[in-house]
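As provided, my_file33.pdb (PDB, C-alpha atoms) reads as follows.
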ATOM      1  CA  VAL A   1      -3.129 -55.994  11.953
ATOM      2  CA  ARG A   2      -1.476 -58.462   9.583
ATOM      3  CA  ASN A   3      -2.773 -56.925   6.367
ATOM      4  CA  GLY A   4      -1.135 -53.613   7.257
ATOM      5  CA  LEU A   5      -4.267 -51.534   6.778
ATOM      6  CA  VAL A   6      -3.807 -49.947  10.178
ATOM      7  CA  ARG A   7      -0.400 -49.359  11.731
ATOM      8  CA  GLN A   8      -0.711 -48.151  15.297
ATOM      9  CA  GLY A   9       0.804 -44.714  15.782
ATOM     10  CA  ALA A  10       1.503 -44.110  12.095
ATOM     11  CA  PRO A  11       0.581 -40.774  10.487
ATOM     12  CA  ALA A  12      -2.854 -40.729   8.856
ATOM     13  CA  GLU A  13      -1.516 -40.641   5.298
ATOM     14  CA  GLU A  14       0.669 -43.679   5.994
ATOM     15  CA  ALA A  15      -1.843 -45.666   8.020
ATOM     16  CA  TYR A  16      -4.003 -46.680   5.062
ATOM     17  CA  PRO A  17      -1.998 -47.997   2.073
ATOM     18  CA  VAL A  18      -5.323 -49.267   0.709
ATOM     19  CA  THR A  19      -7.753 -46.422   0.049
ATOM     20  CA  VAL A  20     -10.856 -45.871  -2.058
ATOM     21  CA  GLY A  21      -8.483 -45.105  -4.930
ATOM     22  CA  THR A  22     -10.133 -43.865  -8.110
ATOM     23  CA  ALA A  23     -13.587 -45.127  -7.197
ATOM     24  CA  PHE A  24     -14.500 -41.510  -6.494
ATOM     25  CA  GLY A  25     -13.154 -38.262  -7.891
ATOM     26  CA  ASP A  26     -11.149 -35.882  -5.698
ATOM     27  CA  SER A  27     -14.034 -33.446  -5.313
ATOM     28  CA  THR A  28     -16.341 -36.270  -4.174
ATOM     29  CA  LYS A  29     -13.796 -37.527  -1.658
ATOM     30  CA  GLU A  30     -13.344 -34.049  -0.248
ATOM     31  CA  GLU A  31     -17.089 -33.501  -0.061
ATOM     32  CA  MET A  32     -17.527 -36.809   1.764
ATOM     33  CA  PHE A  33     -14.797 -35.918   4.225
ATOM     34  CA  GLY A  34     -16.270 -32.436   4.699
ATOM     35  CA  ILE A  35     -19.676 -33.897   5.580
ATOM     36  CA  TYR A  36     -18.067 -36.301   8.045
ATOM     37  CA  ALA A  37     -15.935 -33.553   9.623
ATOM     38  CA  TRP A  38     -18.956 -31.263   9.984
ATOM     39  CA  ASN A  39     -21.072 -33.989  11.598
ATOM     40  CA  ALA A  40     -18.193 -34.855  13.930
ATOM     41  CA  ALA A  41     -17.755 -31.262  15.080
ATOM     42  CA  THR A  42     -21.456 -30.534  15.509
ATOM     43  CA  SER A  43     -22.581 -33.791  17.141
ATOM     44  CA  GLN A  44     -24.790 -32.994  20.143
ATOM     45  CA  ASP A  45     -23.670 -36.076  22.083
ATOM     46  CA  ALA A  46     -20.286 -35.452  23.742
ATOM     47  CA  ALA A  47     -19.197 -39.105  23.696
ATOM     48  CA  SER A  48     -20.174 -39.574  20.047
ATOM     49  CA  ARG A  49     -18.487 -36.302  19.130
ATOM     50  CA  GLN A  50     -15.236 -37.428  20.719
ATOM     51  CA  ARG A  51     -15.293 -40.778  18.883
ATOM     52  CA  TRP A  52     -16.063 -39.082  15.572
ATOM     53  CA  LEU A  53     -13.277 -36.546  16.029
ATOM     54  CA  GLU A  54     -10.763 -39.256  16.926
ATOM     55  CA  ALA A  55     -11.717 -41.207  13.803
ATOM     56  CA  LYS A  56     -11.623 -38.143  11.528
ATOM     57  CA  PRO A  57      -7.973 -38.432  10.408
ATOM     58  CA  HIS A  58      -8.505 -42.131   9.683
ATOM     59  CA  VAL A  59     -11.603 -41.410   7.608
ATOM     60  CA  GLY A  60      -9.528 -38.911   5.652
ATOM     61  CA  GLY A  61      -6.776 -41.510   5.300
ATOM     62  CA  VAL A  62      -9.178 -44.098   3.870
ATOM     63  CA  LEU A  63     -10.353 -41.482   1.385
ATOM     64  CA  GLY A  64      -6.747 -40.863   0.373
ATOM     65  CA  LEU A  65      -6.548 -37.382   1.884
ATOM     66  CA  GLY A  66      -3.408 -36.420   3.765
ATOM     67  CA  PRO A  67      -3.458 -34.051   6.770
ATOM     68  CA  ASP A  68      -2.929 -30.923   4.661
ATOM     69  CA  ARG A  69      -5.804 -31.719   2.323
ATOM     70  CA  GLN A  70      -8.018 -32.662   5.245
ATOM     71  CA  GLN A  71      -7.360 -29.296   6.882
ATOM     72  CA  LYS A  72      -8.042 -27.458   3.623
ATOM     73  CA  VAL A  73     -11.402 -29.214   3.383
ATOM     74  CA  VAL A  74     -12.237 -28.212   6.964
ATOM     75  CA  VAL A  75     -11.224 -24.604   6.291
ATOM     76  CA  ARG A  76     -13.397 -24.518   3.165
ATOM     77  CA  MET A  77     -16.311 -26.018   5.090
ATOM     78  CA  VAL A  78     -15.963 -23.500   7.934
ATOM     79  CA  SER A  79     -15.639 -20.643   5.438
ATOM     80  CA  ARG A  80     -18.940 -21.631   3.832
ATOM     81  CA  TRP A  81     -20.675 -21.678   7.193
ATOM     82  CA  ALA A  82     -19.080 -18.397   8.262
ATOM     83  CA  LYS A  83     -20.190 -16.619   5.084
ATOM     84  CA  THR A  84     -23.779 -17.764   5.673
ATOM     85  CA  TYR A  85     -23.533 -16.655   9.309
ATOM     86  CA  ILE A  86     -22.221 -13.249   8.243
ATOM     87  CA  LYS A  87     -25.150 -12.746   5.883
ATOM     88  CA  ARG A  88     -27.612 -13.561   8.665
ATOM     89  CA  GLN A  89     -25.870 -11.336  11.213
ATOM     90  CA  THR A  90     -25.306  -8.323   8.984
ATOM     91  CA  GLY A  91     -27.032  -5.262  10.429
ATOM     92  CA  PRO A  92     -29.013  -2.515   8.635
ATOM     93  CA  ASP A  93     -25.795  -0.566   8.077
ATOM     94  CA  GLY A  94     -24.185  -3.604   6.481
ATOM     95  CA  GLY A  95     -21.839  -4.248   9.388
ATOM     96  CA  LEU A  96     -21.431  -6.892  12.087
ATOM     97  CA  ASN A  97     -21.984  -6.283  15.794
ATOM     98  CA  GLU A  98     -19.329  -7.066  18.408
ATOM     99  CA  ALA A  99     -20.966 -10.344  19.452
ATOM    100  CA  ALA A 100     -20.974 -11.658  15.875
ATOM    101  CA  ILE A 101     -17.351 -10.631  15.362
ATOM    102  CA  ALA A 102     -16.341 -12.346  18.624
ATOM    103  CA  THR A 103     -18.135 -15.522  17.530
ATOM    104  CA  LEU A 104     -16.296 -15.552  14.223
ATOM    105  CA  THR A 105     -12.835 -14.626  15.472
ATOM    106  CA  THR A 106     -12.763 -16.485  18.798
ATOM    107  CA  TRP A 107     -15.373 -19.234  19.087
ATOM    108  CA  VAL A 108     -15.324 -20.574  15.518
ATOM    109  CA  PRO A 109     -11.527 -21.155  15.285
ATOM    110  CA  THR A 110     -11.512 -22.910  18.664
ATOM    111  CA  PHE A 111     -14.591 -25.023  18.004
ATOM    112  CA  PHE A 112     -13.648 -26.155  14.486
ATOM    113  CA  GLY A 113      -9.877 -26.202  14.944
ATOM    114  CA  VAL A 114      -8.937 -23.729  12.199
ATOM    115  CA  ASP A 115      -6.421 -20.891  12.088
ATOM    116  CA  PRO A 116      -7.987 -17.686  13.529
ATOM    117  CA  GLU A 117      -6.667 -15.807  10.498
ATOM    118  CA  VAL A 118      -9.212 -17.663   8.358
ATOM    119  CA  THR A 119     -12.236 -16.102  10.062
ATOM    120  CA  LYS A 120     -10.474 -12.786  10.659
ATOM    121  CA  GLY A 121     -10.051 -12.543   6.910
ATOM    122  CA  LEU A 122     -13.749 -13.241   6.361
ATOM    123  CA  VAL A 123     -14.724 -10.576   8.912
ATOM    124  CA  ALA A 124     -12.383  -8.067   7.257
ATOM    125  CA  ALA A 125     -13.843  -8.842   3.831
ATOM    126  CA  ALA A 126     -17.395  -8.487   5.164
ATOM    127  CA  SER A 127     -16.564  -5.163   6.825
ATOM    128  CA  LYS A 128     -14.952  -3.870   3.663
ATOM    129  CA  ALA A 129     -17.951  -4.911   1.549
ATOM    130  CA  ALA A 130     -20.331  -3.230   4.002
ATOM    131  CA  LEU A 131     -18.337   0.009   3.931
ATOM    132  CA  GLN A 132     -18.171  -0.070   0.158
ATOM    133  CA  GLY A 133     -21.943  -0.460   0.099
ATOM    134  CA  ARG A 134     -22.381   2.530   2.425
ATOM    135  CA  ALA A 135     -20.043   4.621   0.285
ATOM    136  CA  MET A 136     -21.918   3.768  -2.909
ATOM    137  CA  LYS A 137     -25.224   4.540  -1.192
ATOM    138  CA  LEU A 138     -23.917   8.005  -0.339
ATOM    139  CA  MET A 139     -22.677   8.482  -3.897
ATOM    140  CA  ASN A 140     -26.170   7.736  -5.229
ATOM    141  CA  MET A 141     -27.857  10.288  -2.972
ATOM    142  CA  LYS A 142     -28.867  13.645  -4.409
ATOM    143  CA  ALA A 143     -27.214  15.422  -1.495
ATOM    144  CA  VAL A 144     -24.734  14.091   1.024
ATOM    145  CA  SER A 145     -24.457  15.707   4.439
ATOM    146  CA  PRO A 146     -21.034  16.199   6.077
ATOM    147  CA  ASP A 147     -22.302  14.272   9.119
ATOM    148  CA  GLU A 148     -23.119  11.207   7.028
ATOM    149  CA  LEU A 149     -19.755  11.360   5.335
ATOM    150  CA  GLY A 150     -18.016  11.862   8.666
ATOM    151  CA  LYS A 151     -19.667   8.748  10.103
ATOM    152  CA  LEU A 152     -18.537   6.752   7.086
ATOM    153  CA  ARG A 153     -14.976   8.009   7.462
ATOM    154  CA  GLU A 154     -15.002   7.110  11.173
ATOM    155  CA  SER A 155     -16.253   3.593  10.407
ATOM    156  CA  VAL A 156     -13.597   3.133   7.729
ATOM    157  CA  GLU A 157     -10.820   4.234  10.058
ATOM    158  CA  ALA A 158     -12.179   2.104  12.931
ATOM    159  CA  SER A 159     -11.913  -0.920  10.606
ATOM    160  CA  GLY A 160      -8.283  -0.102   9.879
ATOM    161  CA  LEU A 161      -9.064   0.752   6.269
ATOM    162  CA  SER A 162      -8.469   3.765   4.063
ATOM    163  CA  MET A 163     -11.110   5.715   2.139
ATOM    164  CA  HIS A 164      -8.638   6.223  -0.681
ATOM    165  CA  GLN A 165      -7.052   2.813  -0.971
ATOM    166  CA  ASP A 166      -9.471   0.183   0.324
ATOM    167  CA  LEU A 167     -12.980   1.176  -0.764
ATOM    168  CA  GLU A 168     -12.076   0.982  -4.461
ATOM    169  CA  LEU A 169     -13.703   4.320  -5.254
ATOM    170  CA  SER A 170     -12.835   6.103  -8.484
ATOM    171  CA  LYS A 171     -10.914   9.391  -8.424
ATOM    172  CA  GLN A 172     -14.086  11.219  -9.436
ATOM    173  CA  GLN A 173     -16.027   9.647  -6.558
ATOM    174  CA  LEU A 174     -13.276  10.518  -4.077
ATOM    175  CA  ARG A 175     -13.220  14.116  -5.337
ATOM    176  CA  SER A 176     -16.967  14.330  -4.901
ATOM    177  CA  LEU A 177     -16.802  13.110  -1.280
ATOM    178  CA  PHE A 178     -13.804  15.359  -0.619
ATOM    179  CA  GLY A 179     -15.759  18.330  -1.939
ATOM    180  CA  VAL A 180     -18.633  17.692   0.484
ATOM    181  CA  GLU A 181     -16.336  17.737   3.504
ATOM    182  CA  VAL A 182     -14.317  20.711   2.317
ATOM    183  CA  MET A 183     -17.302  22.910   1.469
ATOM    184  CA  ALA A 184     -18.928  22.157   4.821
ATOM    185  CA  SER A 185     -15.754  23.206   6.629
ATOM    186  CA  LEU A 186     -15.177  26.337   4.536
ATOM    187  CA  GLN A 187     -18.758  27.482   5.073
ATOM    188  CA  ASP A 188     -18.695  26.911   8.831
ATOM    189  CA  ALA A 189     -18.566  30.382  10.393
ATOM    190  CA  GLY A 190     -17.559  28.905  13.714
ATOM    191  CA  LEU A 191     -14.197  27.689  12.424
ATOM    192  CA  SER A 192     -11.072  29.821  12.257
ATOM    193  CA  ASN A 193      -9.015  29.939   9.086
ATOM    194  CA  GLU A 194      -6.487  27.617  10.720
ATOM    195  CA  ASP A 195      -9.232  25.146  11.663
ATOM    196  CA  LYS A 196     -10.595  25.272   8.122
ATOM    197  CA  LEU A 197      -7.135  24.538   6.730
ATOM    198  CA  ASP A 198      -6.755  21.598   9.112
ATOM    199  CA  ALA A 199     -10.174  20.269   8.043
ATOM    200  CA  VAL A 200      -9.198  20.498   4.374
ATOM    201  CA  MET A 201      -5.891  18.723   4.963
ATOM    202  CA  SER A 202      -7.509  15.938   7.023
ATOM    203  CA  SER A 203     -10.076  15.309   4.284
ATOM    204  CA  LYS A 204      -7.455  14.508   1.677
TER     205      LYS A 204
END
As structure tokens, the full file:
Amino acid sequence: VRNGLVRQGAPAEEAYPVTVGTAFGDSTKEEMFGIYAWNAATSQDAASRQRWLEAKPHVGGVLGLGPDRQQKVVVRMVSRWAKTYIKRQTGPDGGLNEAAIATLTTWVPTFFGVDPEVTKGLVAAASKAALQGRAMKLMNMKAVSPDELGKLRESVEASGLSMHQDLELSKQQLRSLFGVEVMASLQDAGLSNEDKLDAVMSSK
């Protein structure tokens, strides 16, 4: 059009030389765009959803947000939702089931158009927090059984984490857990001396 407000085919940040300016603060602009982006993505009417999504970069442009800032807002919005979802889906053991993990790592990135690493990071953080909670629960018990500790170790390893490096346990706490496993192995009459040595080495 003659006033240059919309230039067909121009990038979003160049298409709107006239924006809302300083009428709103940056945080308000981003919040407004986040609300619009969320409503666009979650619209139940397919036709309306398509129109909203097509207009999304232009709405961001009018608000003075370039593509990078728009994507950061979307990522922050999705992260908020994902954290709430994780809290609701967390099981009694503090972990997430396979269906919840698949939703977060596969469906969410595709549906909202964000990098899969965003939700993978949230799942990893949730898993780590759950395992830390289980470890602290064991530490607060009067007596810890080798089976309970073994299950924790298996869960930690299945998550690609390390008991020593990732659970942020103190040296004293690690020694205490190590002692439980070692004593159980040393007192097991069914193990040979070689098996007991292997058990001690694997517990380190």
- request: Identify which of the residues A:Gln165, A:Asp147, A:Met139, A:Lys56 lies closest to Leu177 of chain A, counting only C-alpha atoms when measuring atom-to-atom distances.
  value: A:Met139
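Put simply, atom CA of Lys29 of chain A is 19.4 Å away from atom CA of Trp81 of chain A.
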statement: Atom pair atom CA of Arg69 of chain A + atom CA of Lys83 of chain A, distance 21.0 Å
- prompt: Which of these, A:Glu117, A:Glu154, A:Glu30, A:Asp45, has the shortest distance to Val59 of chain A once you count all atoms listed in the file?
  reply: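 Smallest distance to Val59 of chain A is found for A:Glu30.
Selection by the PyMOL selection byres ((chain A and resi 105) around 9) on the present file picks out Ala100, Ile101, Ala102, Thr103, Leu104, Thr106, Trp107, Val108, Pro109, Thr110, Pro116, Glu117, Val118, Thr119, Lys120 and Val123 of chain A.
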Nearest to Ala125 of chain A, chosen from A:Leu149, A:Leu138, A:Ala99, A:Ile86, with all atoms listed in the file counted in the distances: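 Ranked by minimum distance to Ala125 of chain A, first place goes to A:Ile86.
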task: Run through the PyMOL selection byres ((chain A and resi 78) around 10) on the given coordinates and return the selected residues as an MDAnalysis selection string.
output: chainID A and resid 34 38 72:77 79:84 108:109 112:114 118:119
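For the choices A:Ser170, A:Gln71, A:Ser127, A:Ser176, the atom-to-atom distance to Gly91 of chain A is smallest for A:Ser127 when using all atoms listed in the file.
Going from atom CA of Gln70 of chain A over to atom CA of Leu122 of chain A, you cover 20.3 Å.
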- line: Counting only C-alpha atoms, the residue among A:Phe33, A:Thr22, A:Tyr85, A:Thr90 that lies closest to Pro67 of chain A is A:Phe33
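Restricting the calculation to all atoms listed in the file, the smallest distance between Tyr36 of chain A and any of A:Pro57, A:Leu96, A:Gly66, A:Gln172 is found for A:Pro57.
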